[in-house]
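Undergrad: Quick one, start_35.tsv (TSV, C-alpha atoms):
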```
chain	number	residue	atom	x	y	z
A	1	ARG	CA	-6.72	-11.66	16.17
A	2	ILE	CA	-10.43	-11.71	15.35
A	3	ARG	CA	-11.22	-13.84	18.39
A	4	LYS	CA	-9.18	-11.52	20.62
A	5	ALA	CA	-10.84	-8.45	19.14
A	6	ILE	CA	-14.32	-9.82	19.86
A	7	ALA	CA	-13.37	-10.82	23.40
A	8	GLU	CA	-11.64	-7.56	24.31
A	9	GLY	CA	-13.33	-5.10	21.99
A	10	THR	CA	-9.93	-3.56	21.27
A	11	GLN	CA	-9.67	-3.89	17.48
A	12	ASP	CA	-11.94	-3.20	14.58
A	13	ILE	CA	-13.06	-6.44	12.89
A	14	GLN	CA	-13.34	-4.69	9.55
A	15	GLN	CA	-9.73	-3.53	9.79
A	16	ILE	CA	-8.52	-7.08	10.39
A	17	LEU	CA	-10.61	-8.43	7.52
A	18	GLY	CA	-9.25	-5.64	5.32
A	19	GLU	CA	-5.70	-6.76	6.08
A	20	ILE	CA	-6.61	-10.37	5.25
A	21	THR	CA	-8.08	-9.15	1.96
A	22	GLN	CA	-4.76	-7.48	1.10
A	23	VAL	CA	-3.01	-10.83	1.40
A	24	LEU	CA	-5.56	-13.15	-0.21
A	25	GLY	CA	-7.46	-10.85	-2.58
A	26	PRO	CA	-11.19	-10.07	-2.64
A	27	GLU	CA	-12.20	-13.09	-4.74
A	28	SER	CA	-10.64	-15.49	-2.24
A	29	MET	CA	-12.43	-13.66	0.58
A	30	LYS	CA	-15.77	-14.24	-1.14
A	31	LYS	CA	-15.03	-17.93	-1.59
A	32	MET	CA	-14.12	-18.21	2.08
A	33	SER	CA	-17.32	-16.43	3.20
A	34	LEU	CA	-15.23	-14.16	5.39
A	35	VAL	CA	-17.89	-11.66	6.43
A	36	SER	CA	-18.56	-9.84	9.66
A	37	GLY	CA	-21.78	-9.20	11.51
A	38	GLU	CA	-22.72	-7.65	14.82
A	39	GLY	CA	-22.32	-8.86	18.41
A	40	GLU	CA	-23.37	-12.48	18.93
A	41	GLU	CA	-23.59	-13.01	15.18
A	42	GLN	CA	-19.84	-12.28	14.94
A	43	VAL	CA	-19.09	-14.87	17.61
A	44	MET	CA	-21.29	-17.47	15.87
A	45	GLN	CA	-19.54	-16.84	12.57
A	46	LEU	CA	-16.07	-16.88	14.04
A	47	THR	CA	-15.58	-20.66	14.18
A	48	GLU	CA	-16.72	-21.06	10.58
A	49	MET	CA	-14.50	-18.16	9.50
A	50	GLU	CA	-11.48	-19.69	11.20
A	51	SER	CA	-12.20	-23.06	9.62
A	52	ASN	CA	-12.62	-21.56	6.14
A	53	ALA	CA	-9.51	-19.43	6.55
A	54	GLN	CA	-7.43	-22.42	7.60
A	55	LYS	CA	-8.78	-24.46	4.67
A	56	MET	CA	-7.83	-21.65	2.31
A	57	LEU	CA	-4.30	-21.40	3.74
A	58	ASP	CA	-3.91	-25.18	3.52
A	59	ARG	CA	-5.13	-25.09	-0.07
A	60	MET	CA	-2.71	-22.24	-0.88
A	61	LYS	CA	0.17	-24.32	0.49
A	62	GLU	CA	-0.96	-27.33	-1.54
A	63	CYS	CA	-0.91	-25.16	-4.66
A	64	GLY	CA	2.62	-23.99	-3.89
A	65	ALA	CA	1.95	-20.57	-2.34
A	66	ARG	CA	4.63	-19.34	0.03
A	67	VAL	CA	2.74	-19.02	3.32
A	68	ASN	CA	5.10	-18.00	6.12
A	69	GLU	CA	5.57	-15.24	8.68
A	70	LYS	CA	7.26	-12.95	6.16
A	71	THR	CA	4.65	-13.26	3.40
A	72	MET	CA	1.66	-13.11	5.75
A	73	GLY	CA	3.16	-10.10	7.52
A	74	MET	CA	3.38	-7.97	4.36
A	75	ARG	CA	1.13	-4.86	4.28
A	76	TYR	CA	0.81	-2.63	1.22
A	77	ASP	CA	0.76	1.05	2.12
A	78	GLY	CA	0.84	2.79	-1.25
A	79	ILE	CA	-1.41	4.87	-3.49
A	80	CYS	CA	-2.99	2.16	-5.69
A	81	ASN	CA	-6.06	-0.01	-5.18
A	82	HIS	CA	-4.23	-3.24	-5.99
A	83	HIS	CA	-2.92	-4.62	-2.70
A	84	GLY	CA	-1.00	-7.59	-4.08
A	85	ARG	CA	2.48	-7.75	-5.52
A	86	VAL	CA	3.61	-6.44	-8.91
A	87	TRP	CA	6.26	-8.36	-10.86
A	88	GLY	CA	8.12	-7.19	-13.97
A	89	LEU	CA	8.60	-9.89	-16.61
A	90	GLY	CA	10.18	-7.86	-19.42
A	91	MET	CA	13.51	-8.93	-20.90
A	92	PHE	CA	16.72	-6.98	-20.32
A	93	LYS	CA	16.82	-3.57	-22.09
A	94	THR	CA	13.03	-3.18	-22.26
A	95	GLY	CA	12.70	-0.66	-19.42
A	96	THR	CA	12.97	-2.99	-16.44
A	97	THR	CA	14.86	-0.48	-14.28
A	98	THR	CA	12.33	2.19	-15.21
A	99	LEU	CA	9.48	-0.13	-14.26
A	100	THR	CA	10.78	-0.95	-10.78
A	101	ALA	CA	11.50	2.73	-10.14
A	102	ALA	CA	7.91	3.51	-11.15
A	103	THR	CA	6.29	0.78	-9.06
A	104	ASP	CA	8.49	1.75	-6.13
A	105	LYS	CA	7.06	5.29	-6.33
A	106	LEU	CA	3.57	3.76	-6.21
A	107	GLY	CA	4.40	2.04	-2.92
A	108	TYR	CA	5.44	-1.39	-4.18
A	109	LYS	CA	8.81	-1.50	-2.45
A	110	MET	CA	11.80	-3.59	-3.48
A	111	ALA	CA	14.09	-5.75	-1.42
A	112	THR	CA	17.72	-4.77	-2.02
A	113	PRO	CA	18.64	-7.65	-4.40
A	114	THR	CA	15.42	-7.14	-6.38
A	115	GLN	CA	16.18	-3.53	-7.33
A	116	GLY	CA	17.65	-4.68	-10.62
A	117	PHE	CA	19.79	-7.43	-12.05
A	118	ALA	CA	20.96	-9.76	-9.27
A	119	GLY	CA	24.03	-11.49	-10.62
A	120	GLY	CA	25.38	-12.62	-7.28
A	121	TYR	CA	24.31	-16.22	-7.70
A	122	ILE	CA	26.85	-18.72	-9.02
A	123	ASN	CA	25.15	-20.28	-12.04
A	124	PRO	CA	25.85	-21.25	-15.67
A	125	ILE	CA	25.66	-18.25	-18.02
A	126	THR	CA	23.56	-20.41	-20.35
A	127	ASP	CA	20.71	-19.99	-17.86
A	128	PHE	CA	20.39	-16.31	-18.70
A	129	PHE	CA	19.73	-17.12	-22.33
A	130	ASP	CA	17.00	-19.72	-21.86
A	131	ASP	CA	13.85	-19.76	-19.69
A	132	GLU	CA	13.72	-23.52	-19.43
A	133	LEU	CA	17.35	-23.86	-18.40
A	134	ILE	CA	17.15	-21.21	-15.71
A	135	ASN	CA	14.09	-22.78	-14.11
A	136	LYS	CA	15.68	-26.21	-14.30
A	137	ASP	CA	18.90	-25.05	-12.64
A	138	ILE	CA	17.88	-22.30	-10.25
A	139	ASP	CA	17.22	-24.60	-7.30
A	140	ASN	CA	20.86	-25.69	-7.57
A	141	TRP	CA	22.31	-22.19	-7.73
A	142	LYS	CA	24.76	-21.29	-5.00
A	143	PRO	CA	23.93	-17.97	-3.34
A	144	GLY	CA	27.39	-16.46	-3.97
A	145	TYR	CA	27.53	-13.02	-2.34
A	146	TYR	CA	23.79	-13.21	-1.69
A	147	SER	CA	23.32	-15.36	1.38
A	148	GLN	CA	19.78	-16.67	0.73
A	149	PRO	CA	17.76	-18.44	-1.98
A	150	VAL	CA	15.95	-16.15	-4.44
A	151	SER	CA	12.54	-16.94	-2.88
A	152	ASP	CA	13.60	-15.50	0.48
A	153	TYR	CA	14.24	-12.11	-1.11
A	154	LEU	CA	10.97	-12.17	-3.04
A	155	ASP	CA	9.04	-12.93	0.17
A	156	ILE	CA	9.83	-9.42	1.45
A	157	ALA	CA	9.50	-7.55	-1.87
A	158	TRP	CA	6.41	-5.96	-3.35
A	159	THR	CA	8.03	-5.74	-6.77
A	160	ALA	CA	10.98	-7.09	-8.74
A	161	ALA	CA	12.18	-7.06	-12.34
A	162	ASP	CA	15.25	-7.85	-14.43
A	163	GLY	CA	17.28	-11.03	-13.93
A	164	PRO	CA	16.85	-13.59	-12.55
A	165	TRP	CA	13.38	-12.50	-11.43
A	166	LEU	CA	11.86	-12.09	-14.91
A	167	PHE	CA	12.42	-15.78	-15.66
A	168	LEU	CA	10.56	-16.93	-12.53
A	169	PHE	CA	7.04	-15.84	-13.49
A	170	LYS	CA	5.52	-19.31	-13.21
A	171	ARG	CA	6.90	-19.66	-9.71
A	172	MET	CA	5.87	-16.14	-8.71
A	173	ASP	CA	2.36	-16.82	-9.97
A	174	ARG	CA	2.22	-19.89	-7.74
A	175	TRP	CA	4.11	-18.46	-4.78
A	176	TYR	CA	2.21	-15.17	-4.43
A	177	PRO	CA	-1.56	-15.29	-5.10
A	178	ASN	CA	-3.26	-12.04	-6.15
A	179	SER	CA	-0.14	-10.76	-7.96
A	180	LYS	CA	-0.07	-8.60	-11.09
A	181	PHE	CA	2.52	-9.05	-13.86
A	182	ILE	CA	3.89	-6.45	-16.28
A	183	LEU	CA	5.66	-7.44	-19.51
A	184	THR	CA	7.75	-4.52	-20.78
A	185	LEU	CA	8.44	-4.54	-24.51
A	186	ARG	CA	10.27	-2.66	-27.27
A	187	ASP	CA	8.94	-1.82	-30.74
A	188	ASN	CA	10.82	-4.77	-32.25
A	189	THR	CA	13.45	-7.38	-31.49
A	190	TYR	CA	16.21	-5.36	-33.16
A	191	GLN	CA	15.87	-2.57	-30.58
A	192	VAL	CA	16.43	-5.04	-27.74
A	193	VAL	CA	19.41	-6.67	-29.45
A	194	ASN	CA	20.95	-3.32	-30.42
A	195	SER	CA	20.65	-1.97	-26.85
A	196	ASP	CA	22.06	-5.13	-25.29
A	197	ALA	CA	24.92	-5.34	-27.80
A	198	LYS	CA	25.81	-1.68	-27.25
A	199	MET	CA	25.92	-2.25	-23.51
A	200	ALA	CA	28.18	-5.28	-24.01
A	201	THR	CA	30.57	-3.26	-26.20
A	202	ARG	CA	30.54	0.14	-24.54
A	203	GLY	CA	33.38	2.24	-25.86
A	204	ASN	CA	32.99	0.99	-29.45
A	205	GLN	CA	32.89	4.08	-31.66
A	206	GLY	CA	32.28	2.76	-35.11
A	207	TYR	CA	33.21	-0.88	-35.73
A	208	SER	CA	30.40	-2.93	-37.27
A	209	MET	CA	29.10	-6.06	-35.57
A	210	LEU	CA	30.65	-8.16	-38.34
A	211	ASP	CA	34.03	-6.42	-37.99
A	212	ILE	CA	34.04	-7.01	-34.24
A	213	THR	CA	33.13	-10.67	-34.70
A	214	LYS	CA	35.96	-11.15	-37.21
A	215	MET	CA	38.43	-9.57	-34.76
A	216	GLN	CA	37.12	-11.71	-31.91
A	217	GLN	CA	37.56	-14.92	-33.85
A	218	LYS	CA	40.95	-13.93	-35.29
A	219	LYS	CA	42.50	-12.65	-32.07
A	220	HIS	CA	40.25	-14.48	-29.64
A	221	TYR	CA	39.69	-11.66	-27.17
A	222	HIS	CA	36.92	-9.42	-25.86
A	223	MET	CA	34.42	-12.25	-26.13
A	224	ILE	CA	30.99	-11.85	-24.52
A	225	TYR	CA	30.49	-14.78	-22.15
A	226	GLY	CA	32.79	-16.69	-24.51
A	227	HIS	CA	30.70	-15.85	-27.58
A	228	SER	CA	31.28	-13.54	-30.51
A	229	LEU	CA	29.14	-10.41	-30.86
A	230	ILE	CA	27.08	-11.96	-33.68
A	231	ASP	CA	26.46	-15.09	-31.59
A	232	PHE	CA	25.47	-12.83	-28.68
A	233	ALA	CA	23.00	-11.00	-30.97
A	234	LEU	CA	21.45	-14.28	-32.15
A	235	LEU	CA	21.10	-15.53	-28.55
A	236	THR	CA	19.61	-12.22	-27.40
A	237	ALA	CA	17.01	-12.17	-30.19
A	238	ARG	CA	16.04	-15.78	-29.55
A	239	ARG	CA	15.76	-15.21	-25.80
A	240	TYR	CA	13.55	-12.11	-26.18
A	241	GLU	CA	11.04	-13.64	-28.57
A	242	LEU	CA	10.79	-17.05	-26.88
A	243	HIS	CA	10.45	-15.48	-23.40
A	244	ASN	CA	7.59	-13.23	-24.53
A	245	GLN	CA	5.89	-16.22	-26.13
A	246	LEU	CA	6.15	-18.25	-22.90
A	247	VAL	CA	4.75	-15.38	-20.81
A	248	ARG	CA	1.77	-14.91	-23.13
A	249	GLU	CA	1.04	-18.62	-23.19
A	250	HIS	CA	1.12	-18.83	-19.40
A	251	PHE	CA	-1.26	-15.90	-18.91
A	252	ALA	CA	-3.59	-16.70	-21.83
A	253	GLY	CA	-7.16	-15.77	-20.91
A	254	ARG	CA	-6.03	-13.76	-17.86
A	255	LYS	CA	-6.06	-10.19	-19.21
A	256	ASP	CA	-6.54	-8.75	-15.72
A	257	ASP	CA	-3.30	-10.34	-14.50
A	258	LEU	CA	-0.88	-9.40	-17.30
A	259	LEU	CA	-0.14	-5.95	-18.73
A	260	GLU	CA	2.03	-5.48	-21.81
A	261	ILE	CA	3.57	-2.03	-22.12
A	262	ASP	CA	6.12	-0.24	-24.31
A	263	PHE	CA	7.31	2.84	-22.42
A	264	MET	CA	8.26	4.58	-25.67
A	265	THR	CA	4.72	4.17	-27.02
A	266	GLU	CA	3.21	5.29	-23.71
A	267	ARG	CA	5.71	8.09	-23.08
A	268	GLU	CA	3.05	10.83	-23.22
A	269	GLN	CA	0.98	9.34	-20.38
A	270	PRO	CA	2.98	6.47	-18.87
A	271	TRP	CA	1.11	6.47	-15.55
A	272	ALA	CA	-2.32	6.01	-17.16
A	273	LYS	CA	-1.99	2.42	-18.36
A	274	ILE	CA	-0.21	1.26	-15.19
A	275	SER	CA	-2.75	2.99	-12.94
A	276	GLU	CA	-5.67	1.38	-14.73
A	277	PHE	CA	-4.04	-2.04	-14.50
A	278	LEU	CA	-3.46	-1.64	-10.75
A	279	GLY	CA	-7.10	-0.83	-10.07
A	280	GLY	CA	-6.57	2.92	-10.06
A	281	CYS	CA	-3.81	4.92	-8.37
A	282	THR	CA	-4.02	8.35	-6.77
A	283	ILE	CA	-1.25	9.99	-8.80
A	284	PRO	CA	-0.24	13.35	-7.25
A	285	GLU	CA	0.11	16.35	-9.56
A	286	GLY	CA	3.66	16.68	-10.86
A	287	PHE	CA	4.43	13.01	-10.09
A	288	ASP	CA	7.29	12.50	-12.57
A	289	PHE	CA	7.61	9.17	-14.33
A	290	PRO	CA	11.17	7.81	-14.05
A	291	HIS	CA	13.29	6.95	-17.08
A	292	ASN	CA	16.36	5.08	-15.87
A	293	ASN	CA	19.44	3.28	-17.21
A	294	VAL	CA	19.40	4.96	-20.62
A	295	ALA	CA	22.26	4.03	-22.98
A	296	PRO	CA	24.76	6.77	-23.92
A	297	SER	CA	23.66	8.63	-27.05
A	298	THR	CA	27.24	8.90	-28.34
A	299	GLN	CA	27.58	5.21	-29.18
A	300	PRO	CA	26.39	4.39	-32.71
A	301	ASP	CA	23.69	1.81	-33.36
A	302	TYR	CA	24.57	-1.51	-34.98
A	303	ASP	CA	23.31	-1.62	-38.56
A	304	ILE	CA	21.74	-5.08	-38.42
A	305	GLU	CA	17.98	-4.39	-38.43
A	306	GLU	CA	17.43	-5.67	-41.96
A	307	LEU	CA	19.64	-8.71	-41.31
A	308	MET	CA	17.50	-9.66	-38.29
A	309	LYS	CA	14.16	-9.65	-40.08
A	310	PRO	CA	12.53	-13.02	-40.91
A	311	GLY	CA	14.62	-14.69	-43.58
A	312	GLY	CA	17.54	-12.28	-43.10
A	313	ALA	CA	21.08	-13.52	-42.61
A	314	MET	CA	20.81	-12.94	-38.83
A	315	ASP	CA	17.33	-14.39	-38.34
A	316	TRP	CA	17.86	-16.61	-35.29
A	317	ARG	CA	15.30	-19.12	-36.59
A	318	LEU	CA	17.81	-20.14	-39.26
A	319	PHE	CA	20.09	-21.63	-36.59
A	320	ASP	CA	20.06	-24.52	-34.13
A	321	PHE	CA	21.09	-23.80	-30.53
A	322	THR	CA	22.55	-26.39	-28.16
A	323	ALA	CA	23.69	-25.63	-24.59
A	324	ILE	CA	27.18	-27.03	-24.01
A	325	ASP	CA	29.77	-26.48	-21.28
A	326	GLY	CA	28.28	-23.21	-20.01
A	327	GLY	CA	27.68	-21.73	-23.47
A	328	PHE	CA	25.81	-22.36	-26.72
A	329	LYS	CA	26.84	-24.21	-29.84
A	330	ILE	CA	25.11	-22.41	-32.72
A	331	VAL	CA	24.96	-24.11	-36.11
A	332	PRO	CA	23.14	-22.93	-39.28
A	333	LYS	CA	20.26	-25.22	-40.20
A	334	SER	CA	21.61	-25.20	-43.75
A	335	GLY	CA	24.79	-26.85	-42.47
A	336	GLU	CA	28.21	-25.73	-41.24
A	337	GLY	CA	30.19	-23.60	-43.67
A	338	THR	CA	27.15	-22.72	-45.79
A	339	HIS	CA	25.65	-19.61	-44.19
A	340	LYS	CA	26.79	-16.16	-45.31
A	341	ILE	CA	26.52	-12.93	-43.31
A	342	GLY	CA	27.79	-10.24	-45.64
A	343	ASP	CA	31.10	-11.46	-47.04
A	344	TRP	CA	31.72	-13.72	-44.05
A	345	THR	CA	30.88	-17.41	-43.83
A	346	TYR	CA	29.32	-17.95	-40.42
A	347	VAL	CA	31.46	-19.87	-37.93
A	348	CYS	CA	30.29	-20.82	-34.42
A	349	THR	CA	32.47	-19.09	-31.85
A	350	TYR	CA	31.53	-21.31	-28.92
A	351	CYS	CA	32.49	-24.53	-30.70
A	352	GLU	CA	35.48	-26.77	-30.78
A	353	GLY	CA	38.54	-24.82	-31.83
A	354	PHE	CA	37.14	-21.47	-30.70
A	355	MET	CA	35.94	-22.02	-27.14
A	356	ILE	CA	37.85	-20.22	-24.40
```
Give the structure from the file, written as structure tokens.

TA:
Amino acid sequence: RIRKAIAEGTQDIQQILGEITQVLGPESMKKMSLVSGEGEEQVMQLTEMESNAQKMLDRMKECGARVNEKTMGMRYDGICNHHGRVWGLGMFKTGTTTLTAATDKLGYKMATPTQGFAGGYINPITDFFDDELINKDIDNWKPGYYSQPVSDYLDIAWTAADGPWLFLFKRMDRWYPNSKFILTLRDNTYQVVNSDAKMATRGNQGYSMLDITKMQQKKHYHMIYGHSLIDFALLTARRYELHNQLVREHFAGRKDDLLEIDFMTEREQPWAKISEFLGGCTIPEGFDFPHNNVAPSTQPDYDIEELMKPGGAMDWRLFDFTAIDGGFKIVPKSGEGTHKIGDWTYVCTYCEGFMI
């Protein structure tokens, strides 16, 4: 396009270079020495520019970047100064739907399957409780009612959050250079577990988590992915804390690439922190911040916050977790039949004798 523009004088060189900058980022442009001059100087520089550009694209491919017609054809046309992609890495029930609605308003558009949780892939449910398992298995997932691999949908999206996307941050970082990542959080692990457990038991109007677990194991019904509610809570707490740890380790020393945000803490000025992170956004007056997928206020909270604290009876660190047959065998580190939660001796629901 640059060569044609010089020959025909029909396109602005700076416009073309600006579009390249959107794809590669300004730092890559500097390394490539992609600059423009005047007249004959432009022609003299062109061969070197083409050579440097091709070397950069080859290097991107070597590093695992997805360089194809779809990714190279993407153009950001929003109201922020960051012209790369924006990926949400927060765990379920941390404001992921709110985040994608917000970034969508800023011009970072979603592909249809990336608008929220995409459960249309046929995969073991264990994957959604463990970062390592999901990244080990995802290449073997069958598309189900989605007809393409997950990467094909990400190629045409400016933003994505929720599952399975939040688990793919290492791949996204490699696939799409110049991306920004946002880790949504809650005040503590209990809030995440409580929200997720309430969603899994909508309609419950007063039974405690222990009462429900006793009924599940006695009558063997209304299991959650084959697990009791207490097992589900332990898995959810473990997943949230380990995922956040993995994200922080991956982006250590890269404060400009990762933003951590709690929408409840930032509820007075939610746009401010996001705008700063994205290089500044021109937020119109009266530009409402979305707040989506809020749990019904009529359902009571589960009274397990104290039990979940370090050393409490539902501290997930007191248990060993082993993936088996599409679920998790959970055993107290103190030994089977030794761990008390209230007046109940803990029994693994997804173990021999209980498994569905």

Undergrad: Using all atoms listed in the file, determine which residues lie at most 10 Å from stretch 326-334 of chain A, disregarding the query and same-chain residues fewer than 2 positions distant; provide the list as a ChimeraX atom specification.

TA: /A:123-127,129,225-227,231-232,234-235,316-324,336-340,346-352,355

Undergrad: Only C-alpha atoms, please: the residues just picked out, written as a CSV table (one decimal), keeping the file's coordinate frame.

TA:
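Saved to part.csv:
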```csv
chain,number,residue,atom,x,y,z
A,123,ASN,CA,25.2,-20.3,-12.0
A,124,PRO,CA,25.8,-21.2,-15.7
A,125,ILE,CA,25.7,-18.2,-18.0
A,126,THR,CA,23.6,-20.4,-20.4
A,127,ASP,CA,20.7,-20.0,-17.9
A,129,PHE,CA,19.7,-17.1,-22.3
A,225,TYR,CA,30.5,-14.8,-22.2
A,226,GLY,CA,32.8,-16.7,-24.5
A,227,HIS,CA,30.7,-15.8,-27.6
A,231,ASP,CA,26.5,-15.1,-31.6
A,232,PHE,CA,25.5,-12.8,-28.7
A,234,LEU,CA,21.4,-14.3,-32.2
A,235,LEU,CA,21.1,-15.5,-28.6
A,316,TRP,CA,17.9,-16.6,-35.3
A,317,ARG,CA,15.3,-19.1,-36.6
A,318,LEU,CA,17.8,-20.1,-39.3
A,319,PHE,CA,20.1,-21.6,-36.6
A,320,ASP,CA,20.1,-24.5,-34.1
A,321,PHE,CA,21.1,-23.8,-30.5
A,322,THR,CA,22.6,-26.4,-28.2
A,323,ALA,CA,23.7,-25.6,-24.6
A,324,ILE,CA,27.2,-27.0,-24.0
A,336,GLU,CA,28.2,-25.7,-41.2
A,337,GLY,CA,30.2,-23.6,-43.7
A,338,THR,CA,27.2,-22.7,-45.8
A,339,HIS,CA,25.6,-19.6,-44.2
A,340,LYS,CA,26.8,-16.2,-45.3
A,346,TYR,CA,29.3,-18.0,-40.4
A,347,VAL,CA,31.5,-19.9,-37.9
A,348,CYS,CA,30.3,-20.8,-34.4
A,349,THR,CA,32.5,-19.1,-31.8
A,350,TYR,CA,31.5,-21.3,-28.9
A,351,CYS,CA,32.5,-24.5,-30.7
A,352,GLU,CA,35.5,-26.8,-30.8
A,355,MET,CA,35.9,-22.0,-27.1
```

Undergrad: Find the residues around stretch 166-171 of chain A up to 6 Å (all atoms listed in the file counted), leave out those fewer than 4 positions away in its own chain, and share them as a ChimeraX atom specification.

TA: /A:89,131,161-162,175

Undergrad: Residues of stretch 124-219 of chain A that approach stretch 241-265 of chain A to 6 Å or less, counting only C-alpha atoms: could you list each one with the shortest pair of atoms and its distance in Å to one decimal, rows by chain and increasing residue number, as JSON lines?

TA:
```
{"residue": "A:Lys180", "atom": "CA", "partner": "A:Asp257", "partner_atom": "CA", "distance": 5.0}
{"residue": "A:Phe181", "atom": "CA", "partner": "A:Leu258", "partner_atom": "CA", "distance": 4.8}
{"residue": "A:Ile182", "atom": "CA", "partner": "A:Leu259", "partner_atom": "CA", "distance": 4.7}
{"residue": "A:Leu183", "atom": "CA", "partner": "A:Glu260", "partner_atom": "CA", "distance": 4.7}
{"residue": "A:Thr184", "atom": "CA", "partner": "A:Ile261", "partner_atom": "CA", "distance": 5.0}
{"residue": "A:Leu185", "atom": "CA", "partner": "A:Asp262", "partner_atom": "CA", "distance": 4.9}
{"residue": "A:Arg186", "atom": "CA", "partner": "A:Asp262", "partner_atom": "CA", "distance": 5.6}
```

Undergrad: Taking all listed atoms of stretch 150-167 of chain A, build the axis-aligned box, pad each of the six sides by 4 Å, then write its centre and edge lengths in Å to one decimal as lines of an AutoDock Vina configuration file.

TA:
```
center_x = 11.8
center_y = -11.3
center_z = -7.1
size_x = 18.9
size_y = 19.2
size_z = 25.1
```

Undergrad: Just how far from atom CA of A:Arg85 is atom CA of A:Trp271, in Å to one decimal?

TA: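 So the two atoms, atom CA of A:Trp271 and atom CA of A:Arg85, lie 17.5 Å apart.
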
Undergrad: Choose the residue, out of A:Pro284, A:Pro113, A:Gly73, A:Gly95, that has the smallest atom-to-atom separation from A:Ala160; count all atoms listed in the file.

TA: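 Closest candidate: A:Pro113.
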
Undergrad: So the first atom is atom CA of A:His83 and the second is atom CA of A:Gln22; what is the distance between them in Å, to one decimal place?

TA: 5.1 Å

Undergrad: Between A:Asp301, A:Glu266, A:Asp139, A:Asp173, single out the one closest to A:Met199, counting all atoms listed in the file.

TA: A:Asp301

Undergrad: Determine, counting only C-alpha atoms, every residue of protein, DNA or RNA that lies within 8 Å of (25.3, -7.1, -21.7) in the file coordinates, then give the result as number ranges by chain.

TA: A: 196-201, 224

Undergrad: Filtering to C-alpha atoms, could you give me those residues as a compact mmCIF listing (two decimals), in the coordinates of the input?

TA:
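Listing of selection.txt after writing:
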```
# COMPACT_ATOMS: atom_id res chain seq x y z
CA ASP A 196 22.06 -5.13 -25.29
CA ALA A 197 24.92 -5.34 -27.80
CA LYS A 198 25.81 -1.68 -27.25
CA MET A 199 25.92 -2.25 -23.51
CA ALA A 200 28.18 -5.28 -24.01
CA THR A 201 30.57 -3.26 -26.20
CA ILE A 224 30.99 -11.85 -24.52
```
